Each structure stands twice: as structure tokens, then as C-alpha cells.
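Data file: start-v9.cif. Format and content: mmCIF, C-alpha atoms.
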data_query
loop_
_atom_site.label_atom_id
_atom_site.label_comp_id
_atom_site.auth_asym_id
_atom_site.auth_seq_id
_atom_site.Cartn_x
_atom_site.Cartn_y
_atom_site.Cartn_z
CA MET A 1128 11.37 9.25 -7.71
CA PHE A 1129 12.53 5.66 -7.67
CA LYS A 1130 16.17 6.68 -7.98
CA GLN A 1131 15.59 8.75 -4.84
CA LEU A 1132 14.35 5.61 -3.10
CA GLU A 1133 17.61 3.88 -3.94
CA ASN A 1134 19.57 6.70 -2.30
CA LEU A 1135 17.23 7.28 0.63
CA GLY A 1136 19.05 7.80 3.91
CA TYR A 1137 17.06 5.50 6.18
CA GLU A 1138 18.50 6.58 9.51
CA ASP A 1139 18.27 10.28 8.68
CA TYR A 1140 14.70 9.91 7.52
CA LEU A 1141 13.70 8.00 10.63
CA ASN A 1142 15.30 10.66 12.80
CA LYS A 1143 13.16 13.26 11.03
CA TYR A 1144 9.95 11.21 11.15
CA PRO A 1145 10.30 8.81 14.13
CA PHE A 1146 7.13 6.84 13.48
CA HIS A 1147 8.84 3.69 14.80
CA ARG A 1148 8.24 4.89 18.35
CA GLY A 1149 4.50 4.43 17.94
CA LEU A 1150 5.15 0.87 16.79
CA ASN A 1151 7.58 0.15 19.66
CA LEU A 1152 10.20 -1.00 17.16
CA ASP A 1153 13.79 -1.44 18.33
CA VAL A 1154 15.92 0.23 15.68
CA GLU A 1155 19.03 -1.40 17.12
CA TYR A 1156 17.54 -4.78 16.20
CA TYR A 1157 17.36 -3.74 12.56
CA LYS A 1158 20.85 -2.30 12.65
CA LYS A 1159 22.12 -5.63 13.92
CA TYR A 1160 20.19 -7.97 11.67
CA ASN A 1161 19.14 -5.87 8.69
CA SER A 1162 21.82 -3.22 8.03
CA ILE A 1163 19.76 -0.05 8.33
CA LYS A 1164 22.01 1.70 5.77
CA LEU A 1165 20.25 -0.27 3.04
CA LEU A 1166 17.72 -2.62 4.51
CA SER A 1167 17.67 -4.96 1.54
CA ASP A 1168 18.69 -8.09 3.43
CA LYS A 1169 15.19 -9.13 4.36
CA ILE A 1170 14.27 -10.91 7.56
CA LYS A 1171 13.66 -14.43 6.33
CA THR A 1172 10.53 -16.31 7.33
CA GLU A 1173 10.23 -20.06 7.58
CA LEU A 1174 9.80 -21.80 4.23
CA TRP A 1175 6.14 -22.71 4.69
CA ALA A 1176 5.03 -19.84 6.96
CA PRO A 1177 3.74 -17.54 4.17
CA VAL A 1178 1.49 -20.30 2.81
CA ASP A 1179 0.37 -21.77 6.14
CA PRO A 1180 -3.42 -21.23 6.44
CA ASN A 1181 -3.15 -21.56 10.24
CA HIS A 1182 -0.33 -19.04 10.65
CA SER A 1183 -1.64 -16.39 13.07
CA ILE A 1184 1.50 -14.67 14.39
CA PRO A 1185 2.18 -11.28 12.72
CA TYR A 1186 5.40 -11.16 10.72
CA GLN A 1187 8.23 -8.96 11.95
CA PRO A 1188 7.77 -5.48 10.39
CA GLU A 1189 10.21 -4.71 7.60
CA LEU A 1190 11.44 -1.28 8.61
CA ASP A 1191 12.90 -0.40 5.23
CA ASP A 1192 9.54 -0.98 3.52
CA LEU A 1193 7.80 1.19 6.09
CA ILE A 1194 10.33 4.01 5.74
CA ARG A 1195 9.98 4.01 1.94
CA LEU A 1196 6.18 4.02 2.21
CA HIS A 1197 6.26 6.96 4.61
CA TYR A 1198 8.72 8.78 2.32
CA LEU A 1199 6.52 8.29 -0.75
CA ILE A 1200 3.53 9.80 1.03
CA THR A 1201 5.39 12.81 2.39
CA SER A 1202 7.56 13.53 -0.67
CA ARG A 1203 4.60 13.25 -3.08
CA ARG A 1204 2.30 15.21 -0.75
CA VAL A 1205 -0.30 12.43 -0.91
CA THR A 1206 -3.75 13.40 0.35
CA THR A 1207 -5.86 10.21 0.13
CA VAL A 1208 -4.73 6.60 0.54
CA LEU A 1209 -6.54 3.36 -0.25
CA GLU A 1210 -4.86 0.43 1.49
CA PHE A 1211 -5.57 -3.25 0.92
CA GLY A 1212 -4.49 -5.04 4.11
CA VAL A 1213 -4.58 -3.63 7.64
CA GLY A 1214 -1.32 -3.79 9.60
CA PHE A 1215 1.81 -1.93 10.66
CA SER A 1216 1.69 -0.16 7.30
CA THR A 1217 -1.68 1.36 8.25
CA PHE A 1218 -0.11 3.09 11.23
CA VAL A 1219 2.76 4.39 9.10
CA ILE A 1220 0.41 5.67 6.40
CA ASP A 1221 -1.73 7.36 9.05
CA HIS A 1222 1.38 9.00 10.54
CA ALA A 1223 2.55 10.28 7.15
CA ILE A 1224 -0.90 11.58 6.17
CA ARG A 1225 -1.19 13.48 9.46
CA ASN A 1226 2.18 15.07 8.73
CA ASN A 1227 0.92 16.17 5.30
CA GLN A 1228 -2.25 17.51 6.88
CA LYS A 1229 -0.28 19.69 9.30
CA ARG A 1230 1.84 21.08 6.48
CA PHE A 1231 -0.61 21.44 3.61
CA GLN A 1232 -4.23 21.47 4.80
CA LYS A 1233 -4.75 25.19 4.17
CA HIS A 1234 -3.29 24.96 0.68
CA VAL A 1235 -5.30 21.86 -0.24
CA ASN A 1236 -8.58 23.30 1.08
CA LYS A 1237 -8.05 26.50 -0.90
CA ASN A 1238 -6.63 25.17 -4.16
CA LEU A 1239 -7.52 21.50 -4.67
CA ARG A 1240 -10.78 19.60 -4.89
CA ARG A 1241 -10.20 16.67 -2.56
CA GLU A 1242 -13.36 15.44 -0.82
CA ASN A 1243 -11.40 12.92 1.27
CA ALA A 1244 -8.30 15.01 1.90
CA PHE A 1245 -5.89 13.62 4.48
CA GLU A 1246 -7.78 10.37 4.93
CA VAL A 1247 -6.64 6.75 4.96
CA HIS A 1248 -9.11 4.04 3.98
CA SER A 1249 -7.92 0.53 4.85
CA ILE A 1250 -9.79 -2.61 3.85
CA ASP A 1251 -9.32 -6.15 5.17
CA ASN A 1252 -11.28 -9.40 5.20
CA SER A 1253 -10.39 -10.37 8.78
CA LYS A 1254 -12.52 -8.86 11.54
CA LYS A 1255 -10.22 -10.36 14.14
CA TRP A 1256 -7.11 -8.78 12.64
CA ILE A 1257 -8.74 -5.35 12.25
CA LYS A 1258 -9.85 -5.46 15.88
CA GLN A 1259 -6.39 -6.51 17.05
CA VAL A 1260 -4.58 -3.77 15.14
CA LYS A 1261 -7.02 -1.08 16.30
CA SER A 1262 -6.62 -2.19 19.91
CA GLN A 1263 -2.81 -2.12 19.81
CA LEU A 1264 -2.09 1.03 17.79
CA LYS A 1265 -3.48 4.55 17.75
CA PHE A 1266 -5.00 5.99 14.59
CA TYR A 1267 -6.24 9.49 13.80
CA ASN A 1268 -7.07 9.76 10.10
CA THR A 1269 -7.93 6.15 9.22
CA SER A 1270 -11.25 4.49 8.42
CA PHE A 1271 -11.35 0.68 8.56
CA TYR A 1272 -13.50 -1.55 6.38
CA TYR A 1273 -14.28 -5.21 6.85
CA GLU A 1274 -15.25 -6.86 3.57
CA LYS A 1275 -15.29 -10.47 2.46
CA CYS A 1276 -13.02 -11.39 -0.43
CA ARG A 1277 -14.00 -13.92 -3.08
CA MET A 1278 -12.68 -15.63 -6.18
CA GLY A 1279 -13.84 -13.86 -9.33
CA ILE A 1280 -13.19 -13.19 -13.01
CA PHE A 1281 -11.56 -10.23 -14.75
CA ASN A 1282 -11.49 -10.47 -18.57
CA ASP A 1283 -11.76 -14.28 -18.30
CA ARG A 1284 -8.81 -14.36 -15.86
CA ILE A 1285 -9.36 -15.98 -12.48
CA CYS A 1286 -8.57 -13.59 -9.65
CA THR A 1287 -9.96 -12.17 -6.39
CA PHE A 1288 -12.23 -9.25 -5.44
CA TYR A 1289 -13.41 -7.69 -2.21
CA ASP A 1290 -17.22 -7.45 -2.04
CA ASN A 1291 -17.15 -3.66 -1.66
CA LEU A 1292 -14.61 -0.85 -1.79
CA PRO A 1293 -14.70 2.58 -0.14
CA ASN A 1294 -16.11 5.19 -2.53
CA ILE A 1295 -13.03 7.42 -2.68
CA CYS A 1296 -10.51 8.67 -5.24
CA PRO A 1297 -7.05 7.87 -3.86
CA ASP A 1298 -3.80 9.37 -5.09
CA LEU A 1299 -1.89 6.44 -3.57
CA ILE A 1300 -2.94 2.78 -3.38
CA TYR A 1301 -1.02 0.30 -1.24
CA LEU A 1302 -1.62 -3.37 -2.08
CA ASP A 1303 -0.69 -5.96 0.54
CA ALA A 1304 -3.81 -8.15 0.81
CA PRO A 1305 -5.73 -10.40 0.84
CA HIS A 1306 -3.93 -13.42 2.24
CA GLN A 1307 -4.39 -16.16 -0.32
CA PHE A 1308 -5.98 -18.59 2.17
CA SER A 1309 -8.61 -16.10 3.31
CA VAL A 1310 -10.40 -15.84 -0.04
CA LEU A 1311 -13.82 -17.49 -0.37
CA GLY A 1312 -15.17 -19.64 -3.19
CA LYS A 1313 -13.83 -21.25 -6.35
CA ILE A 1314 -13.95 -20.53 -10.05
CA ARG A 1315 -14.05 -23.71 -12.18
CA GLY A 1316 -12.44 -25.54 -9.26
CA ILE A 1317 -9.65 -22.97 -8.89
CA SER A 1318 -8.91 -20.93 -5.77
CA THR A 1319 -5.87 -19.29 -4.21
CA ARG A 1320 -6.22 -21.58 -1.18
CA HIS A 1321 -3.33 -23.82 -2.15
CA PRO A 1322 0.31 -23.51 -1.04
CA ASP A 1323 1.51 -23.42 -4.65
CA ARG A 1324 -0.88 -20.63 -5.62
CA VAL A 1325 -0.15 -16.91 -5.32
CA PRO A 1326 -2.31 -13.86 -4.48
CA MET A 1327 -4.10 -12.42 -7.51
CA ALA A 1328 -6.13 -9.34 -6.51
CA ALA A 1329 -7.95 -7.49 -9.30
CA ASP A 1330 -9.74 -4.75 -7.37
CA ILE A 1331 -7.46 -2.05 -8.77
CA LEU A 1332 -8.18 -3.17 -12.32
CA SER A 1333 -11.90 -2.75 -11.75
CA ILE A 1334 -11.52 0.92 -10.75
CA GLU A 1335 -8.62 1.82 -13.06
CA HIS A 1336 -10.60 4.24 -15.21
CA PHE A 1337 -11.74 6.22 -12.16
CA LEU A 1338 -8.16 6.92 -11.09
CA LEU A 1339 -6.66 10.33 -11.76
CA PRO A 1340 -3.38 11.02 -13.60
CA GLY A 1341 -0.57 11.00 -11.06
CA THR A 1342 -1.99 8.12 -9.03
CA LEU A 1343 0.70 5.85 -7.55
CA ILE A 1344 0.21 2.14 -6.81
CA VAL A 1345 2.66 0.39 -4.48
CA VAL A 1346 2.59 -3.40 -4.39
CA ASP A 1347 4.43 -4.94 -1.45
CA GLY A 1348 5.91 -8.25 -2.58
CA ARG A 1349 3.22 -10.20 -4.44
CA THR A 1350 5.29 -10.27 -7.63
CA ALA A 1351 2.87 -12.48 -9.58
CA ASN A 1352 0.01 -10.14 -8.66
CA ALA A 1353 2.08 -7.14 -9.78
CA ARG A 1354 2.75 -8.83 -13.12
CA PHE A 1355 -0.98 -9.56 -13.44
CA LEU A 1356 -1.73 -5.87 -12.91
CA LYS A 1357 0.93 -4.85 -15.44
CA ALA A 1358 -0.50 -7.25 -18.04
CA ASN A 1359 -4.07 -6.00 -17.60
CA LEU A 1360 -3.85 -2.28 -16.83
CA GLN A 1361 -4.99 -0.38 -19.91
CA ARG A 1362 -3.85 3.19 -19.35
CA ASN A 1363 -0.38 4.75 -19.55
CA TRP A 1364 1.31 3.44 -16.41
CA LYS A 1365 5.01 3.66 -15.69
CA CYS A 1366 5.85 0.31 -14.10
CA THR A 1367 8.95 -0.21 -12.00
CA SER A 1368 9.97 -3.31 -10.03
CA ASN A 1369 12.75 -3.30 -7.48
CA TYR A 1370 13.67 -6.83 -6.46
CA ASN A 1371 16.04 -5.65 -3.73
CA PHE A 1372 13.07 -3.93 -2.10
CA ASP A 1373 10.65 -6.68 -3.16
CA GLN A 1374 8.25 -3.92 -4.18
CA HIS A 1375 6.55 -2.83 -7.39
CA PHE A 1376 5.44 0.67 -8.40
CA PHE A 1377 2.88 1.86 -10.94
CA GLU A 1378 2.52 5.59 -11.70
CA LEU A 1379 -0.26 6.87 -13.97
CA MET A 1380 1.56 9.06 -16.49
CA GLU A 1381 -1.16 10.87 -18.41
CA GLU A 1382 -1.95 14.45 -19.29
CA PRO A 1383 -4.13 16.21 -16.70
CA LEU A 1384 -7.87 15.81 -17.03
CA GLY A 1385 -8.33 19.55 -16.56
CA TYR A 1386 -7.09 22.50 -14.56
CA ILE A 1387 -8.08 21.02 -11.17
CA ASN A 1388 -6.17 17.80 -11.81
CA SER A 1389 -3.30 19.90 -13.19
CA ARG A 1390 -3.14 21.78 -9.90
CA GLN A 1391 -3.00 18.54 -7.97
CA LEU A 1392 -0.22 17.19 -10.18
CA SER A 1393 1.83 20.37 -9.71
CA PHE A 1394 1.24 20.21 -5.96
CA SER A 1395 2.28 16.54 -5.66
CA ARG A 1396 5.39 16.93 -7.82
CA LYS A 1397 6.70 20.03 -6.07
CA ARG A 1398 9.79 19.26 -4.00
#
Translate this file's structure into C-alpha cells.
Amino acid sequence: MFKQLENLGYEDYLNKYPFHRGLNLDVEYYKKYNSIKLLSDKIKTELWAPVDPNHSIPYQPELDDLIRLHYLITSRRVTTVLEFGVGFSTFVIDHAIRNNQKRFQKHVNKNLRRENAFEVHSIDNSKKWIKQVKSQLKFYNTSFYYEKCRMGIFNDRICTFYDNLPNICPDLIYLDAPHQFSVLGKIRGISTRHPDRVPMAADILSIEHFLLPGTLIVVDGRTANARFLKANLQRNWKCTSNYNFDQHFFELMEEPLGYINSRQLSFSRKR
């Protein structure tokens, strides 16, 4: 799968699934500044912008990241997505899930046991940002959740947790939140609200043993957080980091739990 990402034809894929139109993105801009053939030359932000607690202007979307995310959902026939962090990615996930619904709803309803089939569940700890995104973009299959995020402890490691999570069983999790300065509280004087700190979300660790074989986790950037997950996940995960993409991937490589899970695995791996 990840080798396919390396060889993904970005322009061809975007021509097939032109989700960028719903985001009003100028593809010519990316061709000029980002080389759409392999969009690995990232748009650089100001040095202090990512750790500025007062930064309120949305970052320029990284079109290559969005194309890969859309591709992963369509190529793996994902049915249910849990997203940490509302944004442009939410629209892209929603678009890809709707495509899967049009193609596979009859098959899934007949052959798989998916209570939340073709749903996106996106959680964020900023009411203002959720409201802004919902007012600017159109969503069809997405439920939004506002939850506060606090400093916490996982196996004596200081980290962060949202107060509540949607009660779903995702086959893809996309981790791109919370912003380190939005987390409440301290643990023994420590918080992520410092420019030299890094995000350290542990929500996925707390639900790891509920996840089904075949589940894919995509971490956008947040390398320290990805390494924290890798060090603390207990099941048989295949972990891949691509530093050109600035993304990290975790795939749960276990034997099926039973015939229903086996059906889902066969469905998701069929190309």
C-alpha cells in the first residue's frame, strides 16, 4: 500500500476525484509552488507560527496530503472514519466516504456488520473552529463533536486526552489534533502549552483493544506523537513513517477475529 503511495499519480487522481473544487483550491498554485508531480516540497510556514498560541489563520492546505488521504479511503474501501481535528481534511474524508457509499453500500449492507457504515466522526476542542468549518464547507456524512482536551496520564506517561470520544468502531483513524496550546490543565507542572513542547495525544492508545484487525491509523506530521504511539501500542501493528510526506502509518496486522471480520478484511483489501 505504501509503495503505491510513493507512485501515486497526483494529477490523474485529482482528475478522477476532483474534490479540490469543493475547497476552492487553485491547482495551478500547487503546480507552481509545490510540484504536483510529487508534492513533497512542503509549503513552509513561519518559524514560530506552529507554536504561536494566538495564531488564528488556517494554514494553506497541503494538497498532496489530502490526495493521499482520499486515496487511502477509496483504495481500502473504508467505511467508518474517526478524525481528530476538524479542517480541510474533514471535507476530503467526507467526499471519499460518499464515493465509497455510492459504490459499495449494497454490498456492505448485505455482507458486512458495520453499524456506522459510511460515516465520518470528527472531534475537535474548538467550538469556534468547528462552526467556521461547517459554515464554509458542505458536509453530507459527517458528525461533529466538540470535546475539551486535557493533560492526562497513560502508563505513567504524560499525554493528552479528549473528555469523550464517539462510540464507534472505525476502520481508519486520522490524527491531526489537538493543537498543543489548546489543551487544558497540567500534570506535575507539565503541559503541552510551551513552544518547545510537542503534541502527545493518547486517545488511540486508550481504545486500542477495541480496534479490529485491518484498522489503519494515519498521523499527519506530529512525529513525536507518532513515536509515542509506536512505543506504547501493544498489538501487532505495521508502522511506517515517510518523512517526505511528513506522515506516519499504523496498520493492525492480526488474524481475523472471526468470519465477519474476515469478510471485512477481504472487502477492504480487494483491488
task: Determine the residue set returned by the PyMOL selection byres ((chain A and resi 1205) around 12) for the present structure, and present it as JSON, numbers by chain.
output: {"A": [1196, 1197, 1198, 1199, 1200, 1201, 1202, 1203, 1204, 1206, 1207, 1208, 1209, 1220, 1221, 1223, 1224, 1225, 1226, 1227, 1228, 1230, 1231, 1232, 1235, 1241, 1243, 1244, 1245, 1246, 1247, 1296, 1297, 1298, 1299, 1300, 1341, 1342, 1343, 1344, 1391, 1392, 1394, 1395, 1396, 1397]}
message: Counting all atoms listed in the file, which residue out of A:Leu1339, A:Val1310, A:Leu1356, A:Ile1280 sits closest to Asp1251 in chain A?
response: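 Looking only at the distances to Asp1251 in chain A, the closest residue turns out to be A:Val1310.
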task: Could you tell me how far CA of Ile1250 in chain A lies from CA of Leu1292 in chain A, in Å and to one decimal?
output: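 So the two atoms, CA of Ile1250 in chain A and CA of Leu1292 in chain A, lie 7.6 Å apart.
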Polymer residues at most 6 Å from (8.3, 3.3, 9.9) by all atoms listed in the file, as a PDB file with C-alpha atoms, in the frame of the given file:
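Full text of selection35.pdb as output:
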ATOM      1  CA  PHE A1146       7.130   6.840  13.480  1.00  0.00           C
ATOM      2  CA  HIS A1147       8.840   3.690  14.800  1.00  0.00           C
ATOM      3  CA  LEU A1190      11.440  -1.280   8.610  1.00  0.00           C
ATOM      4  CA  LEU A1193       7.800   1.190   6.090  1.00  0.00           C
ATOM      5  CA  ILE A1194      10.330   4.010   5.740  1.00  0.00           C
ATOM      6  CA  VAL A1219       2.760   4.390   9.100  1.00  0.00           C
TER       7      VAL A1219
END
- request: Rank nothing, just name the residue among A:Arg1277, A:Ala1358, A:Gly1348, A:Asn1294 nearest to Thr1319 in chain A, using all atoms listed in the file.
  value: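 When distances to Thr1319 in chain A are compared using all atoms listed in the file, the smallest one comes from A:Arg1277.
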Ground truth for the PyMOL selection byres ((chain A and resi 1349) around 10), written as JSON, numbers by chain: {"A": [1302, 1303, 1304, 1325, 1326, 1327, 1328, 1346, 1347, 1348, 1350, 1351, 1352, 1353, 1354, 1355, 1373, 1374, 1375]}
Please identify all polymer residues lying at most 12 Å from the point (-8.3, -18.8, -5.7) (file coordinates), using all atoms listed in the file, and present the result as a PDB file with C-alpha atoms, in the coordinates of the input.
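Resulting contents of part-v9.pdb:
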ATOM      1  CA  CYS A1276     -13.020 -11.390  -0.430  1.00  0.00           C
ATOM      2  CA  ARG A1277     -14.000 -13.920  -3.080  1.00  0.00           C
ATOM      3  CA  MET A1278     -12.680 -15.630  -6.180  1.00  0.00           C
ATOM      4  CA  GLY A1279     -13.840 -13.860  -9.330  1.00  0.00           C
ATOM      5  CA  ILE A1280     -13.190 -13.190 -13.010  1.00  0.00           C
ATOM      6  CA  ARG A1284      -8.810 -14.360 -15.860  1.00  0.00           C
ATOM      7  CA  ILE A1285      -9.360 -15.980 -12.480  1.00  0.00           C
ATOM      8  CA  CYS A1286      -8.570 -13.590  -9.650  1.00  0.00           C
ATOM      9  CA  THR A1287      -9.960 -12.170  -6.390  1.00  0.00           C
ATOM     10  CA  PHE A1288     -12.230  -9.250  -5.440  1.00  0.00           C
ATOM     11  CA  PRO A1305      -5.730 -10.400   0.840  1.00  0.00           C
ATOM     12  CA  HIS A1306      -3.930 -13.420   2.240  1.00  0.00           C
ATOM     13  CA  GLN A1307      -4.390 -16.160  -0.320  1.00  0.00           C
ATOM     14  CA  PHE A1308      -5.980 -18.590   2.170  1.00  0.00           C
ATOM     15  CA  SER A1309      -8.610 -16.100   3.310  1.00  0.00           C
ATOM     16  CA  VAL A1310     -10.400 -15.840  -0.040  1.00  0.00           C
ATOM     17  CA  LEU A1311     -13.820 -17.490  -0.370  1.00  0.00           C
ATOM     18  CA  GLY A1312     -15.170 -19.640  -3.190  1.00  0.00           C
ATOM     19  CA  LYS A1313     -13.830 -21.250  -6.350  1.00  0.00           C
ATOM     20  CA  ILE A1314     -13.950 -20.530 -10.050  1.00  0.00           C
ATOM     21  CA  ARG A1315     -14.050 -23.710 -12.180  1.00  0.00           C
ATOM     22  CA  GLY A1316     -12.440 -25.540  -9.260  1.00  0.00           C
ATOM     23  CA  ILE A1317      -9.650 -22.970  -8.890  1.00  0.00           C
ATOM     24  CA  SER A1318      -8.910 -20.930  -5.770  1.00  0.00           C
ATOM     25  CA  THR A1319      -5.870 -19.290  -4.210  1.00  0.00           C
ATOM     26  CA  ARG A1320      -6.220 -21.580  -1.180  1.00  0.00           C
ATOM     27  CA  HIS A1321      -3.330 -23.820  -2.150  1.00  0.00           C
ATOM     28  CA  PRO A1322       0.310 -23.510  -1.040  1.00  0.00           C
ATOM     29  CA  ASP A1323       1.510 -23.420  -4.650  1.00  0.00           C
ATOM     30  CA  ARG A1324      -0.880 -20.630  -5.620  1.00  0.00           C
ATOM     31  CA  VAL A1325      -0.150 -16.910  -5.320  1.00  0.00           C
ATOM     32  CA  PRO A1326      -2.310 -13.860  -4.480  1.00  0.00           C
ATOM     33  CA  MET A1327      -4.100 -12.420  -7.510  1.00  0.00           C
ATOM     34  CA  ALA A1328      -6.130  -9.340  -6.510  1.00  0.00           C
ATOM     35  CA  ALA A1329      -7.950  -7.490  -9.300  1.00  0.00           C
TER      36      ALA A1329
END
field: Straight-line distance linking CA of Phe1376 in chain A with CA of Glu1133 in chain A, stated in Å to one decimal
entry: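 Between CA of Phe1376 in chain A and CA of Glu1133 in chain A the gap is 13.4 Å.
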- request: Could you expand the PyMOL selection byres ((chain A and resi 1151) around 12) into the explicit residues it covers here, written as a ChimeraX atom specification?
  value: /A:1145-1150,1152-1156,1187-1188,1190,1215,1218,1263-1264
Write the selection just made, keeping C-alpha atoms, as a compact mmCIF listing (two decimals), in the coordinates of the input?
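Contents of part-v2.txt, as written:
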# COMPACT_ATOMS: atom_id res chain seq x y z
CA PRO A 1145 10.30 8.81 14.13
CA PHE A 1146 7.13 6.84 13.48
CA HIS A 1147 8.84 3.69 14.80
CA ARG A 1148 8.24 4.89 18.35
CA GLY A 1149 4.50 4.43 17.94
CA LEU A 1150 5.15 0.87 16.79
CA LEU A 1152 10.20 -1.00 17.16
CA ASP A 1153 13.79 -1.44 18.33
CA VAL A 1154 15.92 0.23 15.68
CA GLU A 1155 19.03 -1.40 17.12
CA TYR A 1156 17.54 -4.78 16.20
CA GLN A 1187 8.23 -8.96 11.95
CA PRO A 1188 7.77 -5.48 10.39
CA LEU A 1190 11.44 -1.28 8.61
CA PHE A 1215 1.81 -1.93 10.66
CA PHE A 1218 -0.11 3.09 11.23
CA GLN A 1263 -2.81 -2.12 19.81
CA LEU A 1264 -2.09 1.03 17.79
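Across the model, the gap from CA of Pro1340 in chain A to CA of Glu1381 in chain A is 5.3 Å.
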